[in-house]
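K.L.:
Provided herewith: target_27.cif, mmCIF, C-alpha atoms and all ligand atoms.
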data_data
loop_
_atom_site.label_atom_id
_atom_site.label_comp_id
_atom_site.auth_asym_id
_atom_site.auth_seq_id
_atom_site.Cartn_x
_atom_site.Cartn_y
_atom_site.Cartn_z
CA MET A 1 2.76 -24.61 3.78
CA HIS A 2 1.56 -27.43 1.59
CA GLN A 3 3.25 -25.60 -1.28
CA LEU A 4 6.54 -25.96 0.48
CA LYS A 5 6.08 -29.66 1.08
CA ASP A 6 5.09 -30.18 -2.55
CA ARG A 7 8.04 -28.44 -4.01
CA GLY A 8 10.37 -28.89 -1.11
CA PHE A 9 13.64 -27.13 -1.49
CA ASP A 10 14.12 -27.95 -5.13
CA HIS A 11 13.47 -24.52 -6.54
CA ARG A 12 15.91 -24.04 -9.40
CA THR A 13 19.16 -22.47 -8.30
CA PRO A 14 20.85 -19.69 -10.26
CA SER A 15 23.63 -22.00 -11.47
CA GLU A 16 21.09 -24.37 -13.00
CA ILE A 17 19.31 -21.63 -14.93
CA THR A 18 22.37 -19.70 -15.99
CA PRO A 19 22.28 -20.08 -19.79
CA ALA A 20 18.68 -18.85 -20.08
CA ALA A 21 19.18 -16.22 -17.39
CA VAL A 22 22.29 -14.86 -19.06
CA TYR A 23 20.51 -14.78 -22.39
CA HIS A 24 17.55 -12.86 -20.96
CA ALA A 25 19.75 -10.48 -19.03
CA ARG A 26 21.85 -9.75 -22.11
CA ARG A 27 18.71 -9.16 -24.14
CA GLU A 28 17.34 -6.85 -21.45
CA TRP A 29 20.55 -4.90 -21.45
CA LEU A 30 20.64 -4.62 -25.25
CA GLN A 31 17.06 -3.35 -25.16
CA ARG A 32 18.01 -0.78 -22.54
CA ALA A 33 20.94 0.29 -24.68
CA ALA A 34 18.68 0.59 -27.74
CA LEU A 35 16.32 2.81 -25.74
CA GLY A 36 19.24 4.97 -24.71
CA LEU A 37 18.83 3.95 -21.07
CA ALA A 38 22.21 2.30 -20.60
CA GLY A 39 25.42 4.27 -20.30
CA ALA A 40 27.27 2.56 -23.18
CA GLY A 41 28.69 -0.08 -20.89
CA LEU A 42 30.71 2.34 -18.80
CA ALA A 43 30.67 1.45 -15.13
CA PRO A 44 28.94 2.38 -13.00
CA TRP A 45 26.49 3.05 -15.75
CA ALA A 46 23.48 3.64 -13.53
CA ALA A 47 25.32 6.49 -11.86
CA ARG A 48 25.94 8.01 -15.28
CA GLU A 49 22.25 7.63 -16.01
CA ALA A 50 21.48 9.54 -12.85
CA PHE A 51 23.77 12.37 -13.86
CA ALA A 52 22.16 12.45 -17.29
CA GLN A 53 18.78 12.86 -15.60
CA GLY A 54 20.01 15.73 -13.50
CA GLY A 55 19.92 13.77 -10.27
CA ALA A 56 23.58 13.63 -9.33
CA PRO A 57 24.30 10.99 -6.68
CA GLY A 58 25.43 12.25 -3.31
CA LYS A 59 28.88 12.01 -1.82
CA LEU A 60 28.76 8.48 -0.51
CA ALA A 61 31.43 5.81 -1.04
CA ALA A 62 31.44 4.18 -4.46
CA LEU A 63 30.02 0.68 -4.69
CA PRO A 64 29.97 -0.39 -8.31
CA GLY A 65 28.34 -3.59 -9.45
CA ALA A 66 28.67 -5.68 -12.60
CA ARG A 67 25.71 -5.67 -14.94
CA SER A 68 23.28 -8.30 -13.65
CA ALA A 69 23.01 -11.64 -15.40
CA VAL A 70 19.78 -12.63 -13.63
CA ALA A 71 16.58 -12.87 -15.67
CA GLY A 72 14.42 -9.91 -14.67
CA GLY A 73 17.43 -8.22 -13.11
CA LEU A 74 17.33 -5.15 -15.34
CA VAL A 75 13.87 -3.77 -15.99
CA MET A 76 13.47 -1.54 -19.00
CA ASP A 77 11.70 1.33 -17.24
CA LYS A 78 13.48 4.62 -16.84
CA ALA A 79 15.19 4.83 -13.46
CA THR A 80 13.75 7.18 -10.83
CA PRO A 81 16.12 10.12 -10.25
CA TYR A 82 18.52 9.69 -7.32
CA ASP A 83 17.10 12.70 -5.52
CA ASP A 84 13.61 11.20 -5.50
CA VAL A 85 14.83 7.76 -4.44
CA THR A 86 16.59 9.31 -1.46
CA SER A 87 14.04 11.89 -0.34
CA TYR A 88 10.71 10.03 -0.52
CA ASN A 89 11.05 7.14 1.90
CA ASN A 90 9.23 4.80 4.21
CA TYR A 91 11.42 4.13 7.21
CA TYR A 92 9.22 4.40 10.29
CA GLU A 93 12.17 4.20 12.69
CA PHE A 94 12.92 7.70 11.40
CA GLY A 95 9.36 9.05 11.29
CA THR A 96 6.17 8.25 9.39
CA ASP A 97 6.26 11.13 6.92
CA LYS A 98 7.88 10.39 3.54
CA ALA A 99 10.21 13.37 4.01
CA ASP A 100 11.28 12.41 7.57
CA PRO A 101 13.99 9.79 6.91
CA ALA A 102 16.06 12.02 4.59
CA ARG A 103 16.03 14.66 7.36
CA THR A 104 16.55 12.49 10.42
CA ALA A 105 18.44 9.32 9.38
CA HIS A 106 21.86 10.98 9.63
CA THR A 107 21.93 9.68 13.22
CA LEU A 108 22.07 6.08 12.00
CA LYS A 109 25.58 4.61 12.32
CA PRO A 110 26.02 2.06 9.53
CA ARG A 111 29.49 1.07 10.78
CA PRO A 112 30.58 -0.97 12.61
CA TRP A 113 27.75 -3.38 11.75
CA THR A 114 27.11 -7.08 12.14
CA VAL A 115 24.37 -9.41 10.92
CA SER A 116 23.70 -12.53 12.94
CA VAL A 117 22.63 -15.46 10.77
CA GLU A 118 21.14 -18.08 13.04
CA GLY A 119 18.41 -20.63 13.78
CA GLU A 120 17.91 -23.74 11.65
CA VAL A 121 21.28 -23.64 9.88
CA LYS A 122 24.36 -25.88 10.04
CA ARG A 123 26.74 -22.91 10.06
CA PRO A 124 25.33 -20.06 12.14
CA LYS A 125 27.59 -17.05 12.10
CA VAL A 126 27.77 -13.40 13.07
CA TYR A 127 28.91 -11.70 9.89
CA ASP A 128 30.79 -8.46 10.00
CA LEU A 129 29.68 -6.02 7.31
CA ASP A 130 33.06 -6.23 5.57
CA GLU A 131 32.74 -10.02 5.34
CA LEU A 132 29.28 -9.66 3.85
CA LEU A 133 30.51 -7.13 1.30
CA LYS A 134 33.10 -9.67 0.12
CA LEU A 135 30.90 -12.75 0.23
CA SER A 136 29.86 -12.61 -3.43
CA PRO A 137 30.52 -10.29 -6.42
CA MET A 138 28.36 -7.15 -6.48
CA GLU A 139 25.78 -6.81 -9.22
CA GLU A 140 23.70 -3.91 -10.34
CA ARG A 141 19.99 -4.76 -10.52
CA ILE A 142 17.41 -2.35 -11.82
CA TYR A 143 14.17 -3.23 -10.06
CA ARG A 144 10.69 -1.82 -9.79
CA LEU A 145 9.64 -1.39 -6.16
CA ARG A 146 5.96 -0.77 -5.42
CA CYS A 147 4.62 0.41 -2.11
CA VAL A 148 1.23 -0.85 -0.94
CA GLU A 149 0.32 2.85 -0.70
CA GLY A 150 0.20 3.06 -4.50
CA TRP A 151 3.49 4.66 -5.56
CA SER A 152 6.42 3.00 -7.22
CA MET A 153 10.05 3.62 -8.10
CA VAL A 154 12.68 2.11 -10.36
CA VAL A 155 16.02 1.87 -8.62
CA PRO A 156 19.45 0.57 -9.67
CA TRP A 157 20.39 -1.37 -6.53
CA VAL A 158 23.80 -2.89 -5.87
CA GLY A 159 24.13 -6.24 -4.13
CA TYR A 160 23.96 -9.97 -4.72
CA SER A 161 21.33 -12.67 -4.45
CA LEU A 162 20.33 -13.43 -0.86
CA ALA A 163 20.66 -17.09 -1.91
CA GLU A 164 24.45 -16.66 -1.92
CA LEU A 165 24.44 -16.01 1.82
CA ILE A 166 21.80 -18.68 2.50
CA ARG A 167 23.90 -21.34 0.79
CA LYS A 168 26.90 -20.45 2.95
CA VAL A 169 25.05 -21.09 6.21
CA GLU A 170 23.44 -24.35 5.02
CA PRO A 171 19.81 -24.40 6.20
CA THR A 172 18.73 -27.62 7.93
CA GLY A 173 15.71 -29.66 6.85
CA ASN A 174 13.65 -27.81 9.48
CA ALA A 175 14.23 -24.41 7.90
CA LYS A 176 10.98 -23.50 6.17
CA PHE A 177 10.98 -19.72 6.62
CA VAL A 178 13.42 -16.86 7.04
CA GLU A 179 12.84 -14.04 9.52
CA PHE A 180 14.56 -10.68 9.16
CA THR A 181 15.03 -8.39 12.14
CA THR A 182 16.16 -4.82 11.69
CA LEU A 183 17.94 -2.42 14.01
CA ALA A 184 15.96 -0.92 16.89
CA ASP A 185 18.13 1.57 18.79
CA LYS A 186 16.47 4.52 20.48
CA ALA A 187 19.77 6.40 20.50
CA GLN A 188 19.93 6.34 16.71
CA MET A 189 16.25 6.21 15.73
CA PRO A 190 13.88 8.98 16.82
CA GLY A 191 10.84 7.14 15.39
CA LEU A 192 11.06 4.40 18.04
CA ARG A 193 9.40 6.82 20.49
CA SER A 194 6.19 6.18 18.56
CA SER A 195 4.39 2.87 18.98
CA VAL A 196 3.04 2.90 15.42
CA LEU A 197 4.78 -0.47 14.92
CA ASP A 198 6.00 -3.15 17.28
CA TRP A 199 9.81 -2.68 17.31
CA PRO A 200 12.10 -4.11 16.17
CA TYR A 201 10.73 -4.16 12.63
CA THR A 202 10.55 -7.75 11.42
CA GLU A 203 9.67 -9.40 8.13
CA GLY A 204 9.53 -12.95 6.84
CA LEU A 205 9.76 -15.03 3.69
CA ARG A 206 9.21 -18.64 2.77
CA LEU A 207 12.62 -20.27 2.26
CA ASP A 208 12.05 -20.85 -1.45
CA GLU A 209 11.08 -17.18 -1.89
CA ALA A 210 14.27 -16.13 -0.12
CA MET A 211 16.28 -18.48 -2.37
CA HIS A 212 14.86 -17.01 -5.58
CA PRO A 213 17.69 -15.36 -7.55
CA LEU A 214 15.76 -12.06 -7.73
CA ALA A 215 15.70 -11.73 -3.92
CA LEU A 216 18.52 -9.25 -3.43
CA LEU A 217 20.72 -8.54 -0.46
CA ALA A 218 21.39 -4.87 -1.21
CA PHE A 219 24.29 -2.73 -0.03
CA GLY A 220 24.02 0.19 -2.43
CA LEU A 221 22.11 2.11 -5.04
CA TYR A 222 23.19 4.20 -8.01
CA GLY A 223 26.74 2.89 -7.75
CA GLN A 224 27.24 4.02 -4.15
CA VAL A 225 26.67 2.57 -0.68
CA LEU A 226 23.09 2.84 0.60
CA PRO A 227 22.09 6.22 1.98
CA ASN A 228 20.88 5.81 5.58
CA GLN A 229 17.28 6.60 4.64
CA ASN A 230 17.27 3.70 2.17
CA GLY A 231 18.34 1.16 4.78
CA ALA A 232 22.11 1.37 5.22
CA PRO A 233 24.22 -0.63 5.44
CA VAL A 234 22.33 -3.73 4.29
CA ARG A 235 18.72 -4.54 3.40
CA VAL A 236 16.74 -6.94 1.25
CA ILE A 237 14.85 -6.05 -1.92
CA LEU A 238 12.00 -8.29 -3.03
CA PRO A 239 10.92 -6.68 -6.30
CA TRP A 240 7.73 -8.78 -6.72
CA LYS A 241 6.37 -7.97 -3.25
CA TYR A 242 5.07 -4.75 -1.74
CA GLY A 243 7.88 -2.53 -0.52
CA PHE A 244 7.31 -3.30 3.14
CA LYS A 245 8.72 -6.82 2.68
CA SER A 246 12.08 -5.21 1.81
CA ALA A 247 13.45 -4.77 5.34
CA LYS A 248 16.06 -2.05 5.92
CA SER A 249 19.15 -2.02 8.13
CA ILE A 250 19.06 -5.74 8.91
CA VAL A 251 20.82 -7.06 12.03
CA LYS A 252 19.49 -10.62 12.21
CA ILE A 253 18.48 -13.32 9.72
CA ARG A 254 16.88 -16.29 11.42
CA PHE A 255 15.86 -19.58 9.81
CA VAL A 256 12.74 -21.06 11.39
CA GLU A 257 10.22 -23.85 10.99
CA LYS A 258 7.05 -21.81 11.61
CA GLN A 259 5.77 -18.91 9.53
CA PRO A 260 6.99 -15.72 11.23
CA VAL A 261 4.70 -12.77 11.97
CA SER A 262 5.87 -9.47 10.51
CA SER A 263 5.52 -6.09 12.19
CA TRP A 264 2.89 -5.03 9.64
CA GLU A 265 0.88 -8.20 10.07
CA ARG A 266 0.93 -7.72 13.82
CA ALA A 267 -0.17 -4.09 13.46
CA ALA A 268 -3.00 -4.74 10.97
CA PRO A 269 -3.48 -8.41 10.03
CA GLN A 270 -6.56 -7.76 7.88
CA GLU A 271 -4.55 -5.30 5.74
CA TYR A 272 -1.10 -6.85 5.49
CA GLY A 273 -0.77 -10.57 4.96
CA PHE A 274 2.36 -12.70 5.08
CA TYR A 275 2.64 -13.08 1.30
CA SER A 276 2.19 -9.44 0.27
CA ASN A 277 2.73 -10.16 -3.40
CA VAL A 278 2.02 -7.20 -5.65
CA ASN A 279 -1.42 -8.12 -6.98
CA PRO A 280 -3.62 -5.65 -8.86
CA GLN A 281 -6.57 -8.07 -8.49
CA VAL A 282 -6.63 -8.10 -4.70
CA ASP A 283 -7.60 -4.75 -3.22
CA HIS A 284 -6.22 -3.46 0.02
CA PRO A 285 -9.27 -3.27 2.35
CA ARG A 286 -9.21 0.53 2.09
CA TRP A 287 -8.14 1.09 -1.53
CA SER A 288 -7.58 -0.48 -4.93
CA GLN A 289 -4.20 -1.92 -5.92
CA ALA A 290 -4.97 -1.77 -9.66
CA SER A 291 -2.78 1.21 -10.51
CA GLU A 292 0.22 3.14 -9.28
CA ARG A 293 1.97 6.49 -9.51
CA ARG A 294 5.66 6.50 -10.46
CA ILE A 295 7.63 8.80 -8.15
CA GLY A 296 9.46 11.58 -9.98
CA GLU A 297 7.16 11.38 -12.97
CA GLY A 298 5.86 14.76 -13.40
CA GLY A 299 3.60 17.23 -11.97
CA GLY A 300 3.67 19.89 -9.35
CA LEU A 301 1.22 19.75 -6.46
CA GLY A 302 2.94 16.65 -5.11
CA GLY A 303 2.38 14.73 -8.32
CA LEU A 304 -1.36 14.88 -7.76
CA PHE A 305 -2.04 14.93 -11.49
CA THR A 306 0.57 12.38 -12.49
CA LYS A 307 -0.86 9.80 -14.82
CA ARG A 308 -1.31 6.51 -13.00
CA ARG A 309 -0.02 3.36 -14.62
CA PRO A 310 -1.60 -0.06 -14.34
CA THR A 311 -0.02 -2.23 -11.68
CA LEU A 312 1.33 -5.52 -13.00
CA MET A 313 0.86 -8.94 -11.41
CA PHE A 314 3.86 -9.70 -9.16
CA ASN A 315 5.00 -6.18 -10.11
CA GLY A 316 5.84 -7.44 -13.61
CA TYR A 317 8.02 -10.31 -12.38
CA GLU A 318 5.40 -13.00 -13.02
CA PRO A 319 7.53 -14.87 -15.60
CA GLN A 320 10.26 -15.24 -13.00
CA VAL A 321 8.34 -15.80 -9.76
CA GLY A 322 4.80 -16.90 -10.69
CA GLN A 323 5.77 -20.53 -10.29
CA LEU A 324 6.47 -20.01 -6.57
CA TYR A 325 2.74 -19.45 -6.03
CA ALA A 326 1.27 -21.93 -8.50
CA GLY A 327 -1.96 -23.40 -7.16
CA MET A 328 -2.28 -20.96 -4.27
CA ASP A 329 -5.45 -18.97 -3.69
CA LEU A 330 -3.93 -15.50 -3.82
CA LYS A 331 -7.05 -13.93 -2.27
CA LYS A 332 -6.57 -16.12 0.79
CA PHE A 333 -2.78 -15.87 0.84
CA TYR A 334 -2.59 -12.08 0.30
N1 LIG B 1 13.27 -1.26 8.96
C1 LIG B 1 12.34 -0.83 8.09
N2 LIG B 1 12.36 -1.32 6.82
C2 LIG B 1 11.44 -0.89 5.92
C3 LIG B 1 10.42 0.04 6.30
C4 LIG B 1 10.44 0.54 7.63
O1 LIG B 1 9.61 1.37 8.03
N3 LIG B 1 11.43 0.09 8.48
N4 LIG B 1 9.48 0.43 5.38
C5 LIG B 1 9.22 -0.50 4.24
C6 LIG B 1 8.36 0.09 3.22
S1 LIG B 1 6.71 0.25 3.61
C7 LIG B 1 8.82 0.43 1.97
S2 LIG B 1 7.75 0.95 0.75
C8 LIG B 1 10.27 0.37 1.65
C9 LIG B 1 10.74 1.71 1.12
O2 LIG B 1 12.10 1.65 0.72
P1 LIG B 1 12.82 2.96 0.14
O3 LIG B 1 12.62 4.07 1.14
O4 LIG B 1 14.25 2.61 -0.04
O5 LIG B 1 12.13 3.28 -1.16
O6 LIG B 1 11.06 0.02 2.78
C10 LIG B 1 10.51 -1.00 3.62
N5 LIG B 1 11.47 -1.39 4.65
MO MO B 2 5.54 0.58 1.62
#
I need this file expressed as structure tokens, please.
Ligand SMILES: Nc1nc2c(c(=O)[nH]1)N[C@H]1C(S)=C(S)[C@@H](COP(=O)(O)O)O[C@H]1N2
Ligand SMILES: [Mo]
P.N.:
Amino acid sequence: MHQLKDRGFDHRTPSEITPAAVYHARREWLQRAALGLAGAGLAPWAAREAFAQGGAPGKLAALPGARSAVAGGLVMDKATPYDDVTSYNNYYEFGTDKADPARTAHTLKPRPWTVSVEGEVKRPKVYDLDELLKLSPMEERIYRLRCVEGWSMVVPWVGYSLAELIRKVEPTGNAKFVEFTTLADKAQMPGLRSSVLDWPYTEGLRLDEAMHPLALLAFGLYGQVLPNQNGAPVRVILPWKYGFKSAKSIVKIRFVEKQPVSSWERAAPQEYGFYSNVNPQVDHPRWSQASERRIGEGGGLGGLFTKRRPTLMFNGYEPQVGQLYAGMDLKKFY
């Protein structure tokens, strides 16, 4: 936590970096357009992209977002088809097989929904979902997400920076970390019968990580509200960390002084550390993290013969987030 003391809470805020961020975001978008990846500026353009790829979005409520102006907010990779994004999931509350959540998560009731924001904040508040949806303008962010298991996806999420909510509740000087707790309801979640994880599912971030403009509070994907299997109605997306840091179906956000212990850390501390930054140089104890397989990219036989691509440091977001970890031994803080 020496890093936190050193830098304190003075990580640059989005408003301070706007000119450069807007420039980079515009350049990213122009590059996407040049590659034929953007839908000519027609909103919601990611949804159009999905149609073009033959993966028509489902019949969920529309949730469009303005093109993101955050640096790193629109990666150039081709988006993973909607059908793959919504049928290959990790959501252990609905079973441990990748195909389970799409089959079983229809029992999740994403409304009514509240998120309690509490702990070391001046303005604790239980937010109703509708209040959260209106708290800040929706943006579309195209992010890579890499699972520690070695697969990755590129998803157009809809949401706004988690920092927007954090600023509203005004963390106190004691707030050093943020803990996320997700829903644990046996009536809605068949996977809770298994003790594979300690329920409820929890995750944690350092406060400056949570304040980074790329940390997204997500409510939708592909221009529509989140499908249940992707964490409806609200989740976080941390594109530079392994997928498991991106908690689904959040019900509580707590600001704390001590580093929280996540469900994965509790289950297997030697395999899943608090930081969990995507790092091709630090192997998982049981396998390499040097490469990954992009879901939806080719191949029968479960993509067994899909070409693997090299995994990038911080999942390719090093220019944006590397500074958060300057001087840290990333083998120790894995
Ligand atoms: N509540 C909850 N959140 C969760 C998980 C989970 O099992 N339960 N799995 C995590 C893991 S391991 C990954 S890789 C991502 C997967 O998100 P996706 O299914 O939307 O791709 O969700 C993360 N968030
Ligand atoms: Mo994961």
K.L.:
Report the distance between atom CA of Gln323 of chain A and atom CA of Lys241 of chain A in Å, rounded to one decimal place.
P.N.:
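According to the coordinates, atom CA of Gln323 of chain A and atom CA of Lys241 of chain A are separated by 14.4 Å.
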K.L.:
Wanna dump the chain A-ligand MO 2 (chain B) contacts at 6 Å for me, each residue with its shortest atom pair and the distance in Å to one decimal, counting all atoms listed in the file, ordered by chain and number, as CSV?
P.N.:
residue,atom,partner,partner_atom,distance
A:Cys147,CA,B:MO2,MO,3.8
A:Val148,CA,B:MO2,MO,5.2
A:Gly243,CA,B:MO2,MO,4.4
A:Phe244,CA,B:MO2,MO,4.5
K.L.:
At a cut-off of 7 Å around ligand LIG 1 (chain B), and using only C-alpha atoms and all ligand atoms, what residues come up? Please write them as a ChimeraX atom specification.
P.N.:
/A:85,88-93,146-148,182-183,201,229-231,242-249
K.L.:
List the spatial neighbours of Trp157 of chain A as a ChimeraX atom specification - criterion: any atom at most 12 Å away, all atoms listed in the file, same-chain residues fewer than 6 positions off excluded.
P.N.:
/A:44-47,63-68,73-75,79-80,82,85,138-145,214-227,230-231,234-239
K.L.:
Could you give me, as a list in words, the residues within 8 Å of Tyr275 of chain A, counting all atoms listed in the file and dropping anything in the same chain fewer than 4 positions from it?
P.N.:
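Answer for this query is Leu205, Lys241, Phe333 and Tyr334 of chain A.
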K.L.:
Using 3 Å of padding on each side, determine the axis-aligned box around all atoms of segment 201-206 of chain A present in the file and give its centre and edge lengths in Å to one decimal, as lines of an AutoDock Vina configuration file.
P.N.:
center_x = 10.0
center_y = -11.4
center_z = 7.7
size_x = 7.5
size_y = 20.5
size_z = 15.9
K.L.:
Do a neighbour search on Thr311 of chain A at 8 Å with only C-alpha atoms, toss out local chain neighbours closer than 4 positions, and write the hits as an MDAnalysis selection string.
P.N.:
chainID A and resid 279:280 289:292 315
K.L.:
Can you tell me how far atom CA of Lys168 of chain A sits from atom CA of Ser276 of chain A, in Å to one decimal?
P.N.:
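Taking atom CA of Lys168 of chain A as the start and atom CA of Ser276 of chain A as the end point, the length is 27.2 Å.
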K.L.:
Nearest residue to Phe180 of chain A out of A:Val155, A:Ala326, A:Met211, A:Val115, using only C-alpha atoms?
P.N.:
A:Val115
K.L.:
Compare A:Val256, A:Ala184, A:Ile250, A:Val126 by their minimum atom-to-atom distance to Arg206 of chain A, counting all atoms listed in the file, and give me the closest one.
P.N.:
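With all atoms listed in the file as the atom set, the closest residue is A:Val256.
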K.L.:
Tell me which protein, DNA and RNA residues are within 8 Å of Glu271 of chain A, counting all atoms listed in the file, leaving out same-chain ones fewer than 6 positions away, and put them as a ChimeraX atom specification.
P.N.:
/A:265,284-285
K.L.:
Atom CA of Gln188 of chain A and atom CA of Thr107 of chain A, how far apart in Å?
P.N.:
5.2 Å
K.L.:
Please identify all polymer residues within 12 Å of Lys186 of chain A, counting only C-alpha atoms, omitting same-chain residues fewer than 5 positions from it, and present them as a list in words.
P.N.:
Glu93, Phe94, Thr107, Leu108, Gly191, Leu192, Arg193, Ser194, Trp199 and Pro200 of chain A
K.L.:
Which of these, A:Glu149, A:Ala232, A:Ala61, A:Glu164, has the shortest distance to Trp287 of chain A once you count all atoms listed in the file?
P.N.:
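Comparing A:Glu149, A:Ala232, A:Ala61, A:Glu164 against Trp287 of chain A, the winner is A:Glu149.
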K.L.:
Once you count all atoms listed in the file, which residues end up no further than 6 Å from (18.1, -16.2, 2.3) in the file's frame, shown as a list in words?
P.N.:
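It turns out the residues near that spot are Leu162, Ala163, Ile166, Ala210 and Met211 of chain A.
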K.L.:
Taking into account only C-alpha atoms, which residue in the set A:Leu324, A:Val251, A:Leu312, A:Leu165 is nearest to Pro112 of chain A?
P.N.:
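Among the listed residues, A:Val251 lies closest to Pro112 of chain A.
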K.L.:
Pick out the closest residue to Leu197 of chain A from this set: A:Val158, A:Trp113, A:Gly150, A:Ala267. Count all atoms listed in the file.
P.N.:
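Checking each of A:Val158, A:Trp113, A:Gly150, A:Ala267 against Leu197 of chain A, counting all atoms listed in the file, the winner is A:Ala267.
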